[in-house]
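Chemist: File follows, final-v2.cif with mmCIF, C-alpha atoms:
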data_run
#
loop_
_atom_site.label_atom_id
_atom_site.label_comp_id
_atom_site.auth_asym_id
_atom_site.auth_seq_id
_atom_site.Cartn_x
_atom_site.Cartn_y
_atom_site.Cartn_z
CA MET A 8 161.69 158.04 181.31
CA GLY A 9 161.37 160.73 183.98
CA GLY A 10 159.44 158.58 186.45
CA GLY A 11 155.80 157.64 186.84
CA ASP A 12 154.47 161.17 187.32
CA VAL A 13 156.03 162.41 184.12
CA GLU A 14 154.77 159.38 182.21
CA ARG A 15 151.27 159.96 183.57
CA LEU A 16 151.40 163.64 182.58
CA ILE A 17 152.45 162.69 179.05
CA GLN A 18 149.79 160.01 178.88
CA LEU A 19 147.03 162.42 179.93
CA LEU A 20 148.23 165.17 177.59
CA SER A 21 148.36 162.76 174.65
CA ARG A 22 144.62 162.14 175.02
CA LEU A 23 143.82 165.77 174.22
CA PRO A 24 142.67 166.72 170.72
CA GLY A 25 145.55 167.72 168.46
CA LEU A 26 148.14 166.01 170.61
CA GLY A 27 149.68 162.59 170.08
CA PRO A 28 152.34 160.92 172.23
CA ARG A 29 155.15 162.83 170.52
CA SER A 30 153.63 166.30 170.86
CA ALA A 31 152.47 165.41 174.39
CA ARG A 32 156.10 164.73 175.34
CA ARG A 33 157.12 168.13 173.96
CA ALA A 34 154.30 169.87 175.83
CA ALA A 35 155.15 168.03 179.06
CA LEU A 36 158.80 168.95 178.72
CA THR A 37 157.94 172.62 178.18
CA LEU A 38 155.71 172.61 181.26
CA LEU A 39 158.24 170.79 183.43
CA ARG A 40 161.11 173.07 182.48
CA SER A 41 159.36 176.07 184.04
CA PRO A 42 157.00 174.72 186.69
CA GLN A 43 156.47 178.05 188.48
CA THR A 44 155.51 180.04 185.41
CA ARG A 45 153.76 177.39 183.32
CA LEU A 46 152.97 174.12 185.07
CA LEU A 47 151.52 175.34 188.37
CA PRO A 48 149.39 178.17 186.87
CA LEU A 49 148.03 175.68 184.35
CA ALA A 50 147.28 173.12 187.06
CA GLN A 51 145.57 175.78 189.18
CA ALA A 52 143.54 177.05 186.22
CA MET A 53 142.45 173.50 185.37
CA GLU A 54 141.46 172.79 188.96
CA ALA A 55 139.51 176.05 189.19
CA ALA A 56 137.74 175.33 185.90
CA ALA A 57 136.89 171.79 187.00
CA LYS A 58 135.32 173.16 190.18
CA SER A 59 133.46 176.14 188.76
CA VAL A 60 132.47 175.41 185.17
CA ARG A 61 128.96 174.03 184.74
CA THR A 62 126.27 173.74 182.10
CA CYS A 63 123.92 176.71 181.84
CA HIS A 64 120.39 175.49 182.52
CA VAL A 65 118.96 178.03 180.10
CA CYS A 66 121.04 177.61 176.94
CA GLY A 67 123.27 174.61 177.65
CA THR A 68 126.65 176.29 177.20
CA LEU A 69 129.61 175.89 179.55
CA ASP A 70 130.32 178.78 181.89
CA SER A 71 131.52 179.42 185.40
CA SER A 72 128.09 180.75 186.36
CA ASP A 73 124.57 179.43 185.92
CA PRO A 74 122.83 181.12 184.12
CA CYS A 75 125.83 181.83 181.91
CA SER A 76 127.26 185.28 181.27
CA ILE A 77 125.42 185.51 177.93
CA CYS A 78 122.01 184.57 179.35
CA ALA A 79 122.54 186.88 182.32
CA ASP A 80 123.66 189.83 180.19
CA PRO A 81 120.83 192.44 180.20
CA ALA A 82 122.17 193.93 176.96
CA ARG A 83 121.42 190.74 175.03
CA ASP A 84 118.31 190.58 172.85
CA ARG A 85 116.23 187.80 174.41
CA GLY A 86 113.83 187.83 171.49
CA LEU A 87 116.50 186.37 169.24
CA ILE A 88 117.76 182.82 169.88
CA CYS A 89 120.47 181.20 167.78
CA VAL A 90 120.42 177.39 167.88
CA VAL A 91 123.84 175.73 167.51
CA GLU A 92 125.06 172.15 167.71
CA THR A 93 127.99 172.46 170.11
CA VAL A 94 129.59 174.89 172.53
CA GLY A 95 132.40 175.25 169.98
CA ASP A 96 129.88 176.61 167.45
CA LEU A 97 128.67 179.12 170.06
CA TRP A 98 132.23 180.26 170.68
CA ALA A 99 132.77 180.69 166.93
CA LEU A 100 129.68 182.91 166.65
CA GLU A 101 130.72 184.88 169.74
CA ARG A 102 134.14 185.51 168.19
CA SER A 103 132.40 187.12 165.21
CA ARG A 104 130.42 189.43 167.56
CA LEU A 105 127.60 189.48 165.04
CA HIS A 106 124.85 187.85 167.04
CA PRO A 107 123.22 190.22 169.55
CA GLY A 108 120.82 187.63 170.96
CA THR A 109 121.12 184.52 173.10
CA TYR A 110 121.86 180.91 172.19
CA GLN A 111 120.63 177.37 172.54
CA VAL A 112 123.22 174.57 172.45
CA LEU A 113 121.61 171.32 171.30
CA GLY A 114 124.57 169.13 172.26
CA GLY A 115 124.44 167.19 168.97
CA VAL A 116 122.28 166.48 165.94
CA LEU A 117 119.91 163.64 165.12
CA SER A 118 122.18 160.78 164.14
CA ALA A 119 121.65 157.06 163.90
CA LEU A 120 125.40 156.42 163.91
CA SER A 121 126.02 158.20 167.19
CA GLY A 122 122.68 157.06 168.60
CA THR A 123 121.40 160.60 169.12
CA GLY A 124 117.62 160.80 169.07
CA PRO A 125 115.19 163.67 169.74
CA ASP A 126 115.23 162.94 173.50
CA ASP A 127 119.01 163.37 173.62
CA LEU A 128 118.94 166.93 172.28
CA ASN A 129 118.75 169.89 174.62
CA THR A 130 115.48 171.29 173.27
CA ARG A 131 113.25 171.35 176.34
CA SER A 132 114.55 174.69 177.60
CA LEU A 133 114.25 176.12 174.06
CA MET A 134 110.57 175.15 173.92
CA GLU A 135 110.05 176.60 177.40
CA ARG A 136 111.70 179.88 176.40
CA VAL A 137 109.57 180.09 173.25
CA ALA A 138 106.38 179.16 175.13
CA SER A 139 107.03 181.77 177.82
CA GLY A 140 106.77 184.49 175.15
CA GLY A 141 109.02 187.31 174.07
CA VAL A 142 110.92 185.29 171.46
CA ARG A 143 110.60 186.81 167.96
CA GLU A 144 113.02 184.73 165.95
CA VAL A 145 114.88 181.44 166.21
CA ILE A 146 117.95 181.18 163.97
CA LEU A 147 118.95 177.61 163.12
CA ALA A 148 122.75 177.67 162.76
CA LEU A 149 123.33 173.97 162.29
CA GLY A 150 125.82 172.31 159.95
CA ALA A 151 125.16 171.97 156.22
CA THR A 152 125.13 168.19 156.48
CA VAL A 153 122.37 165.63 156.05
CA GLU A 154 122.16 165.18 159.82
CA GLY A 155 122.33 168.94 160.53
CA ALA A 156 119.63 169.72 157.97
CA THR A 157 117.43 166.86 159.23
CA THR A 158 117.70 168.28 162.75
CA ALA A 159 116.92 171.78 161.48
CA HIS A 160 113.76 170.59 159.66
CA TRP A 161 112.71 168.61 162.74
CA LEU A 162 113.13 171.68 164.96
CA GLN A 163 111.32 173.83 162.40
CA ASP A 164 108.34 171.44 162.59
CA ARG A 165 108.35 171.58 166.38
CA LEU A 166 108.38 175.38 166.33
CA ALA A 167 105.78 175.68 163.56
CA ASP A 168 102.87 176.22 165.96
CA SER A 169 104.72 178.64 168.24
CA GLY A 170 104.29 181.72 166.05
CA VAL A 171 107.98 182.67 166.10
CA THR A 172 109.89 183.29 162.89
CA VAL A 173 112.30 180.44 162.16
CA THR A 174 115.29 181.24 159.94
CA ARG A 175 118.51 179.46 159.10
CA VAL A 176 122.01 180.64 158.29
CA GLY A 177 122.87 180.88 154.59
CA HIS A 178 124.92 178.38 152.62
CA GLY A 179 127.08 179.29 149.66
CA VAL A 180 130.25 180.91 148.40
CA PRO A 181 132.71 181.64 151.24
CA ILE A 182 134.43 185.00 151.54
CA GLY A 183 137.63 184.83 149.50
CA GLY A 184 136.42 181.73 147.66
CA ALA A 185 136.86 181.49 143.90
CA LEU A 186 134.03 179.78 142.04
CA ASP A 187 136.26 177.41 140.10
CA VAL A 188 137.55 175.70 143.24
CA LEU A 189 134.16 175.22 144.88
CA ASP A 190 132.54 171.81 144.96
CA ASP A 191 129.31 171.21 143.01
CA GLY A 192 127.24 171.03 146.17
CA THR A 193 128.31 174.43 147.48
CA LEU A 194 127.74 175.96 144.05
CA ALA A 195 124.26 174.42 143.89
CA ALA A 196 123.46 175.78 147.36
CA ALA A 197 124.78 179.23 146.42
CA LEU A 198 122.72 179.32 143.22
CA SER A 199 119.53 178.17 144.89
CA ALA A 200 119.97 180.80 147.64
CA ARG A 201 120.62 183.69 145.20
CA ARG A 202 118.99 187.05 145.90
CA PRO A 203 118.49 190.34 144.03
CA ALA A 204 121.79 192.20 143.62
CA MET B 5 142.32 144.28 147.71
CA ASN B 6 142.43 147.36 145.54
CA PHE B 7 139.61 148.58 143.38
CA GLU B 8 138.02 151.70 141.95
CA CYS B 9 134.31 151.90 141.25
CA ALA B 10 131.17 154.02 141.57
CA ALA B 11 129.66 153.92 145.04
CA ILE B 12 126.83 155.38 147.07
CA VAL B 13 127.80 156.88 150.43
CA LEU B 14 125.58 155.28 153.07
CA SER B 15 127.14 156.84 156.15
CA ALA B 16 130.33 158.41 157.43
CA ARG B 17 131.24 158.35 161.11
CA ARG B 18 133.87 160.67 162.49
CA TYR B 19 137.04 158.80 163.44
CA GLY B 20 139.82 160.54 165.34
CA GLU B 21 140.23 164.23 164.75
CA GLY B 22 139.96 164.56 161.00
CA GLY B 23 139.25 161.07 159.73
CA ALA B 24 136.05 159.19 159.06
CA ILE B 25 134.91 155.62 158.63
CA ALA B 26 132.66 155.56 155.59
CA HIS B 27 130.21 152.88 154.55
CA LEU B 28 129.65 152.64 150.82
CA PHE B 29 127.36 150.60 148.60
CA THR B 30 129.02 149.38 145.40
CA GLU B 31 127.77 147.33 142.47
CA GLU B 32 130.45 144.64 142.51
CA TYR B 33 131.42 144.46 146.19
CA GLY B 34 128.16 145.35 147.94
CA ARG B 35 128.39 147.30 151.19
CA ILE B 36 131.98 148.05 152.15
CA ALA B 37 133.63 150.12 154.85
CA GLY B 38 136.87 152.04 154.80
CA LEU B 39 138.92 154.64 156.61
CA VAL B 40 138.95 158.03 154.91
CA ARG B 41 141.91 160.13 155.94
CA GLY B 42 140.64 163.67 156.46
CA GLY B 43 137.10 162.45 155.77
CA SER B 44 135.54 164.72 158.39
CA SER B 45 137.75 167.69 157.58
CA ARG B 46 136.29 170.90 156.16
CA ARG B 47 137.72 170.03 152.77
CA GLN B 48 136.30 166.53 152.44
CA SER B 49 133.23 166.28 154.67
CA ALA B 50 130.87 167.52 151.91
CA LEU B 51 131.91 164.59 149.72
CA TRP B 52 131.13 161.91 152.29
CA GLN B 53 127.55 162.93 152.99
CA PRO B 54 124.95 160.13 152.85
CA GLY B 55 123.32 159.83 149.45
CA ASN B 56 126.25 161.20 147.45
CA ILE B 57 127.52 159.11 144.55
CA VAL B 58 131.30 158.99 144.38
CA LEU B 59 134.04 157.36 142.37
CA ALA B 60 135.65 155.46 145.25
CA ARG B 61 139.14 154.01 145.49
CA HIS B 62 139.60 151.27 148.06
CA ALA B 63 143.04 150.04 149.05
CA ALA B 64 143.76 147.24 151.52
CA ARG B 65 146.64 144.78 151.74
CA LEU B 66 144.36 141.89 152.75
CA PRO B 67 140.70 141.29 151.85
CA ASP B 68 139.65 141.22 155.51
CA GLN B 69 141.22 144.58 156.33
CA LEU B 70 139.15 147.73 156.75
CA GLY B 71 141.12 149.43 154.00
CA HIS B 72 141.55 153.05 153.04
CA LEU B 73 139.06 154.96 150.95
CA SER B 74 139.40 158.04 148.83
CA GLY B 75 136.97 159.44 146.34
CA GLU B 76 135.90 161.92 143.71
CA PRO B 77 132.40 163.36 143.44
CA VAL B 78 130.10 161.99 140.74
CA GLN B 79 126.72 163.26 141.94
CA GLU B 80 126.28 165.31 145.09
CA THR B 81 122.79 164.27 146.06
CA ALA B 82 122.86 165.45 149.66
CA VAL B 83 123.36 169.15 149.09
CA ARG B 84 120.58 169.29 146.52
CA VAL B 85 117.98 168.18 149.06
CA LEU B 86 119.18 169.98 152.20
CA ASP B 87 116.53 172.68 151.83
CA ARG B 88 113.71 170.29 150.88
CA PRO B 89 112.52 168.51 154.02
CA LEU B 90 110.57 165.69 152.35
CA GLN B 91 113.25 164.87 149.77
CA LEU B 92 115.92 165.05 152.48
CA ALA B 93 113.87 162.67 154.63
CA LEU B 94 113.65 160.24 151.68
CA VAL B 95 117.40 160.29 151.05
CA HIS B 96 118.19 160.00 154.76
CA ALA B 97 115.77 157.12 155.31
CA ALA B 98 117.02 155.25 152.22
CA THR B 99 120.69 155.53 153.17
CA GLU B 100 120.11 154.65 156.84
CA LEU B 101 117.96 151.67 155.89
CA ALA B 102 120.47 150.40 153.33
CA ASP B 103 123.35 150.93 155.75
CA ALA B 104 121.60 148.99 158.50
CA ALA B 105 120.09 146.25 156.34
CA LEU B 106 122.66 145.36 153.67
CA PRO B 107 125.17 142.69 154.64
CA ASP B 108 128.88 143.42 154.26
CA ARG B 109 130.53 142.58 150.94
CA GLU B 110 127.54 140.87 149.37
CA ALA B 111 126.89 142.16 145.87
CA HIS B 112 123.39 143.20 144.82
CA PRO B 113 124.06 144.73 141.40
CA ASP B 114 120.44 145.17 140.32
CA PHE B 115 119.49 146.76 143.62
CA PHE B 116 122.57 149.01 143.43
CA LEU B 117 121.54 150.31 140.01
CA ARG B 118 117.98 150.82 141.21
CA THR B 119 119.25 152.75 144.25
CA ILE B 120 121.35 155.02 142.01
CA ARG B 121 118.29 155.71 139.85
CA ASP B 122 115.99 156.32 142.80
CA LEU B 123 118.43 158.60 144.65
CA THR B 124 118.56 160.72 141.52
CA SER B 125 114.77 160.86 141.35
CA PHE B 126 114.57 161.77 145.06
CA CYS B 127 116.60 164.89 144.45
CA VAL B 128 115.13 165.79 141.03
CA LEU B 129 111.39 165.14 141.39
CA VAL B 130 109.54 167.79 143.35
CA ASP B 131 105.86 167.71 142.38
CA PRO B 132 104.53 165.19 143.14
CA PRO B 133 107.24 164.23 145.63
CA PRO B 134 108.79 160.83 144.86
CA VAL B 135 107.39 159.05 147.94
CA GLY B 136 105.85 156.29 145.82
CA GLU B 137 109.25 155.62 144.24
CA TYR B 138 110.75 155.43 147.73
CA ILE B 139 108.17 152.86 148.89
CA ARG B 140 108.83 150.79 145.77
CA TRP B 141 112.54 151.06 146.62
CA GLU B 142 111.84 149.63 150.11
CA ALA B 143 109.94 146.73 148.50
CA ALA B 144 112.97 146.20 146.23
CA LEU B 145 115.25 146.18 149.29
CA LEU B 146 113.10 143.46 150.87
CA SER B 147 113.19 141.51 147.62
CA ALA B 148 116.97 141.87 147.21
CA LEU B 149 117.52 140.46 150.69
CA GLY B 150 115.20 137.50 150.21
CA TYR B 151 111.99 138.81 151.80
CA GLY B 152 110.20 139.93 148.65
CA LEU B 153 106.47 140.59 148.66
CA SER B 154 104.36 138.51 146.29
CA LEU B 155 101.99 141.00 144.71
CA SER B 156 101.23 139.42 141.35
CA SER B 157 98.09 137.46 142.26
CA CYS B 158 95.64 136.88 145.09
CA ALA B 159 96.75 134.27 147.60
CA VAL B 160 93.12 133.18 148.11
CA THR B 161 91.43 133.27 144.70
CA GLY B 162 94.41 133.42 142.35
CA GLU B 163 92.96 136.40 140.48
CA THR B 164 95.36 139.09 139.31
CA GLY B 165 93.04 142.11 139.41
CA ASP B 166 91.58 144.16 142.24
CA LEU B 167 94.44 143.37 144.64
CA ARG B 168 93.74 145.52 147.69
CA PHE B 169 95.46 143.89 150.65
CA VAL B 170 98.57 142.01 151.74
CA SER B 171 98.71 139.26 154.31
CA PRO B 172 100.91 140.45 157.21
CA ARG B 173 101.99 136.84 157.75
CA THR B 174 102.95 135.69 154.25
CA GLY B 175 103.50 138.94 152.35
CA ARG B 176 101.16 137.77 149.58
CA ALA B 177 98.54 139.97 147.95
CA VAL B 178 94.85 139.42 148.58
CA SER B 179 92.02 140.69 146.38
CA LEU B 180 88.94 142.45 147.71
CA SER B 181 86.74 139.40 147.14
CA GLY B 182 89.39 137.08 148.59
CA ALA B 183 89.72 139.16 151.75
CA GLY B 184 86.10 138.68 152.80
CA ASP B 185 85.63 139.14 156.53
CA TRP B 186 89.40 139.13 157.11
CA LYS B 187 90.12 142.47 155.51
CA ASP B 188 90.46 144.26 158.87
CA ARG B 189 93.37 141.98 159.68
CA LEU B 190 95.15 142.58 156.37
CA LEU B 191 97.47 145.41 155.40
CA PRO B 192 96.05 147.83 152.79
CA LEU B 193 97.91 147.60 149.47
CA PRO B 194 98.10 150.92 147.58
CA ALA B 195 97.57 150.71 143.83
CA PHE B 196 101.02 152.14 142.96
CA LEU B 197 102.63 149.22 144.80
CA ALA B 198 100.31 146.56 143.38
CA ARG B 199 101.04 147.42 139.75
CA ASP B 200 104.25 148.59 138.15
CA ASP B 201 102.55 151.44 136.34
CA GLU B 202 104.31 154.83 136.35
CA SER B 203 101.06 156.79 136.04
CA LEU B 204 99.86 155.38 139.37
CA LEU B 205 102.76 157.09 141.15
CA SER B 206 101.49 160.55 140.25
CA GLU B 207 97.94 159.66 141.30
CA ALA B 208 98.92 158.43 144.77
CA THR B 209 97.72 160.43 147.78
CA PRO B 210 99.48 160.89 151.14
CA GLU B 211 97.04 158.29 152.56
CA ASP B 212 98.29 155.82 149.91
CA TRP B 213 101.88 156.65 150.86
CA LEU B 214 101.15 155.99 154.53
CA HIS B 215 99.53 152.64 153.66
CA GLY B 216 102.57 151.77 151.55
CA LEU B 217 105.01 152.76 154.31
CA ASP B 218 103.08 150.76 156.90
CA LEU B 219 103.07 147.77 154.57
CA THR B 220 106.80 147.73 153.85
CA GLY B 221 107.50 148.86 157.44
CA HIS B 222 105.77 145.77 158.81
CA PHE B 223 108.03 143.45 156.83
CA LEU B 224 111.16 145.54 157.39
CA SER B 225 110.51 145.47 161.11
CA ARG B 226 109.64 141.78 161.28
CA ASP B 227 111.91 140.18 158.68
CA LEU B 228 114.94 142.42 158.21
CA PHE B 229 115.43 144.00 161.62
CA GLY B 230 113.30 141.87 163.96
CA VAL B 231 115.35 138.74 163.37
CA ARG B 232 118.44 140.70 164.37
CA HIS B 233 116.70 142.25 167.39
CA ARG B 234 117.41 145.70 166.05
CA PRO B 235 115.00 148.60 165.59
CA VAL B 236 114.23 150.08 162.18
CA PRO B 237 116.36 153.25 161.82
CA ASP B 238 114.85 156.42 163.27
CA ALA B 239 115.07 158.26 159.95
CA ARG B 240 112.27 156.09 158.60
CA ALA B 241 109.98 156.91 161.53
CA ARG B 242 110.68 160.61 160.96
CA LEU B 243 109.80 160.19 157.27
CA ARG B 244 106.52 158.53 158.22
CA SER B 245 105.58 161.29 160.63
CA ARG B 246 106.43 163.90 157.99
CA ILE B 247 104.09 162.20 155.53
CA ALA B 248 101.42 161.85 158.23
CA GLY B 249 101.79 165.62 158.67
CA LEU B 250 100.78 166.06 155.01
CA ILE B 251 97.41 164.48 155.82
CA HIS B 252 96.88 166.38 159.04
CA PRO B 253 99.01 169.52 158.66
CA PRO B 254 99.61 171.46 161.90
CA GLU B 255 97.06 174.28 162.27
#
For the file at hand, write its structure as structure tokens.

Modeler:
Amino acid sequence: MGGGDVERLIQLLSRLPGLGPRSARRAALTLLRSPQTRLLPLAQAMEAAAKSVRTCHVCGTLDSSDPCSICADPARDRGLICVVETVGDLWALERSRLHPGTYQVLGGVLSALSGTGPDDLNTRSLMERVASGGVREVILALGATVEGATTAHWLQDRLADSGVTVTRVGHGVPIGGALDVLDDGTLAAALSARRPA
Amino acid sequence: MNFECAAIVLSARRYGEGGAIAHLFTEEYGRIAGLVRGGSSRRQSALWQPGNIVLARHAARLPDQLGHLSGEPVQETAVRVLDRPLQLALVHAATELADAALPDREAHPDFFLRTIRDLTSFCVLVDPPPVGEYIRWEAALLSALGYGLSLSSCAVTGETGDLRFVSPRTGRAVSLSGAGDWKDRLLPLPAFLARDDESLLSEATPEDWLHGLDLTGHFLSRDLFGVRHRPVPDARARLRSRIAGLIHPPE
């Protein structure tokens, strides 16, 4: 169907998240129908990204420069570091534009199933940044899961002697969420984290 | 093979984009695995956290198949301990140990009921923290899998009182007088583990907990995991270092 190159394109597309063989065929067909406006710019963008994107040695995010644009931005508050699990979490926080500081991407959480231990997490540069001074607060923005919370407590212990304030993001009722549809766990977390109105 | 029963979530590993492969511990079927459609999605991931007790439905055409799992919450243990580091460490260590140690589809009904009870106490008891209960649970795990400790009488003198040590070779208790010059080679036996007395749990100190963890850890490492050439799960080592931190808190 369409020759080896087309089959290979479909095969590679079908490995991407959100795409199966059927949707990969549709995507390939869309690209191939307008090669000048869609296929070639995409191929060029992918090649450029493959050549230029690297891991920031400071925070561990992906960017076309090292240090990344966030770490190099003089307007960022370097005294405030937000620790996240993945680059996707960093992008989500950046979309909200609520965090004025810098980040630390751990690259995972402590997990026996995935074989991730303390040595596999990107924490060395975090400890170096904290030890070098100037850091006031570390925000632990890890998932509200057993593994995420275990990692947060482990990091909290490691930072206990550093003198910086360690905080974590809140858990509870989501915006637009009605109480009667929330699970017991979220309700328990929301009640235990209540504050004066 | 279709059934519906109460189950403890031992682990859930992401599978594909939204799915998960969950390992559960049930009373009648022991440790089972199953594919949960949407198990790692935003809607369902809270349910399949380790330590949660669920009403699980398992459906498979053949007994040997992985099968599909779905579930309803019965007791959400995990979220109740997320903000309590020691209790979280207890739940995490218990579920990781059970997941790694229990054989597939081998029923241990008494141990299942004990695990349900102890998971509840891990998330309810705060002061003193239920570390003694956890160490007793580890001894029960060893016993359920055929490596039980013999703590009723001294292996040397036969006396039933003043049991202070355990032989690292046989797992049998040894009294202070029976230990003699060998006591440095024996594992210290904390009182709350020697006698099934509830009041001893509240009197135990962090040093007693460490002795208890080292005692059960020796036999877990040698008998349960050593024979399979596998390490004891990391969560247990983190629990031990957290308890060691209670004795020597960071300055």

Chemist: What is the atom CA of Arg45 of chain A-atom CA of Glu101 of chain A distance in Å, reported with one decimal?

Modeler: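 Between atom CA of Arg45 of chain A and atom CA of Glu101 of chain A the gap works out to 27.8 Å.
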
Chemist: With a distance cut-off of 12 Å and only C-alpha atoms, select the neighbouring residues of segment 176-181 of chain B, excluding the residue or stretch itself and same-chain residues fewer than 5 positions from it, and output the selection as a PyMOL selection string.

Modeler: chain B and resi 151-171+186-195+197-199+219+223

Chemist: Apply the PyMOL selection byres ((chain B) within 8 of (chain A)) to the file shown and report the selected residues as a list of chain:residue names.

Modeler: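 Selected by the PyMOL selection byres ((chain B) within 8 of (chain A)) in this file: B:Ser15, B:Arg17, B:Glu21, B:Ala50, B:Gln53, B:Pro54, B:Glu80, B:Ala82, B:Val83, B:Arg84, B:Leu86, B:Asp87, B:Pro89, B:Leu92, B:Ala93, B:His96, B:Glu100, B:Pro237, B:Asp238, B:Ala239, B:Pro254, B:Glu255.
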
Chemist: Could you spell out the hits of the PyMOL selection byres ((chain A and resi 113) around 6) on the shown file, as a short mmCIF file (atom, residue, chain, number, x, y, z; two decimals) with C-alpha atoms, in the coordinates of the input?

Modeler:
data_model
loop_
_atom_site.label_atom_id
_atom_site.label_comp_id
_atom_site.auth_asym_id
_atom_site.auth_seq_id
_atom_site.Cartn_x
_atom_site.Cartn_y
_atom_site.Cartn_z
CA GLU A 92 125.06 172.15 167.71
CA VAL A 112 123.22 174.57 172.45
CA GLY A 114 124.57 169.13 172.26
CA GLY A 115 124.44 167.19 168.97
CA LEU A 128 118.94 166.93 172.28
CA ASN A 129 118.75 169.89 174.62
#

Chemist: The PyMOL selection byres ((chain B and resi 227) around 12) on the file shown: which residues, as a PDB file with C-alpha atoms, in the frame of the given file?

Modeler:
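Listing of part15.pdb after writing:
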ATOM      1  CA  ALA B 105     120.090 146.250 156.340  1.00  0.00           C
ATOM      2  CA  LEU B 145     115.250 146.180 149.290  1.00  0.00           C
ATOM      3  CA  LEU B 146     113.100 143.460 150.870  1.00  0.00           C
ATOM      4  CA  SER B 147     113.190 141.510 147.620  1.00  0.00           C
ATOM      5  CA  LEU B 149     117.520 140.460 150.690  1.00  0.00           C
ATOM      6  CA  GLY B 150     115.200 137.500 150.210  1.00  0.00           C
ATOM      7  CA  TYR B 151     111.990 138.810 151.800  1.00  0.00           C
ATOM      8  CA  GLY B 152     110.200 139.930 148.650  1.00  0.00           C
ATOM      9  CA  LEU B 153     106.470 140.590 148.660  1.00  0.00           C
ATOM     10  CA  PRO B 172     100.910 140.450 157.210  1.00  0.00           C
ATOM     11  CA  ARG B 173     101.990 136.840 157.750  1.00  0.00           C
ATOM     12  CA  THR B 174     102.950 135.690 154.250  1.00  0.00           C
ATOM     13  CA  GLY B 175     103.500 138.940 152.350  1.00  0.00           C
ATOM     14  CA  THR B 220     106.800 147.730 153.850  1.00  0.00           C
ATOM     15  CA  GLY B 221     107.500 148.860 157.440  1.00  0.00           C
ATOM     16  CA  HIS B 222     105.770 145.770 158.810  1.00  0.00           C
ATOM     17  CA  PHE B 223     108.030 143.450 156.830  1.00  0.00           C
ATOM     18  CA  LEU B 224     111.160 145.540 157.390  1.00  0.00           C
ATOM     19  CA  SER B 225     110.510 145.470 161.110  1.00  0.00           C
ATOM     20  CA  ARG B 226     109.640 141.780 161.280  1.00  0.00           C
ATOM     21  CA  LEU B 228     114.940 142.420 158.210  1.00  0.00           C
ATOM     22  CA  PHE B 229     115.430 144.000 161.620  1.00  0.00           C
ATOM     23  CA  GLY B 230     113.300 141.870 163.960  1.00  0.00           C
ATOM     24  CA  VAL B 231     115.350 138.740 163.370  1.00  0.00           C
ATOM     25  CA  ARG B 232     118.440 140.700 164.370  1.00  0.00           C
ATOM     26  CA  HIS B 233     116.700 142.250 167.390  1.00  0.00           C
ATOM     27  CA  ARG B 234     117.410 145.700 166.050  1.00  0.00           C
ATOM     28  CA  PRO B 235     115.000 148.600 165.590  1.00  0.00           C
ATOM     29  CA  VAL B 236     114.230 150.080 162.180  1.00  0.00           C
TER      30      VAL B 236
END

Chemist: Looking at B:Thr119, B:Gln69, B:Ala98, B:Asp103, which one is nearest to Ala16 of chain B, with distances taken over all atoms listed in the file?

Modeler: B:Asp103

Chemist: Would you work out the distance separating atom CA of Glu31 of chain B from atom CA of Glu142 of chain B, expressed in Å to one decimal?

Modeler: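 Taking atom CA of Glu31 of chain B as the start and atom CA of Glu142 of chain B as the end point, the length is 17.8 Å.
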
Chemist: Please indicate the distance in Å from atom CA of Leu105 of chain A to atom CA of Ile182 of chain A, rounded to one decimal place.

Modeler: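 Going from atom CA of Leu105 of chain A over to atom CA of Ile182 of chain A, I get 15.8 Å.
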
Chemist: Write out as a PyMOL selection string each polymer residue whose atoms come within 8 Å of His64 of chain A, counting only C-alpha atoms; drop sequence neighbours fewer than 5 positions from it.

Modeler: chain A and resi 73-74+132

Chemist: From the structure block, carefully write segment 102-117 of chain B out with C-alpha atoms; format it as a PDB file, in the first residue's frame.

Modeler:
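What landed in selection_15.pdb:
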ATOM      1  CA  ALA B 102       3.533  -8.384  49.577  1.00  0.00           C
ATOM      2  CA  ASP B 103       3.661  -7.733  45.837  1.00  0.00           C
ATOM      3  CA  ALA B 104       7.198  -9.067  45.558  1.00  0.00           C
ATOM      4  CA  ALA B 105       6.849 -11.972  47.993  1.00  0.00           C
ATOM      5  CA  LEU B 106       3.389 -13.472  47.491  1.00  0.00           C
ATOM      6  CA  PRO B 107       3.137 -16.165  44.828  1.00  0.00           C
ATOM      7  CA  ASP B 108       0.514 -15.812  42.093  1.00  0.00           C
ATOM      8  CA  ARG B 109      -2.933 -17.286  42.720  1.00  0.00           C
ATOM      9  CA  GLU B 110      -2.107 -18.964  46.018  1.00  0.00           C
ATOM     10  CA  ALA B 111      -4.717 -18.176  48.650  1.00  0.00           C
ATOM     11  CA  HIS B 112      -3.656 -17.023  52.112  1.00  0.00           C
ATOM     12  CA  PRO B 113      -7.016 -16.096  53.644  1.00  0.00           C
ATOM     13  CA  ASP B 114      -5.807 -15.528  57.209  1.00  0.00           C
ATOM     14  CA  PHE B 115      -2.919 -13.370  56.042  1.00  0.00           C
ATOM     15  CA  PHE B 116      -5.273 -11.444  53.743  1.00  0.00           C
ATOM     16  CA  LEU B 117      -7.593 -10.604  56.640  1.00  0.00           C
TER      17      LEU B 117
END
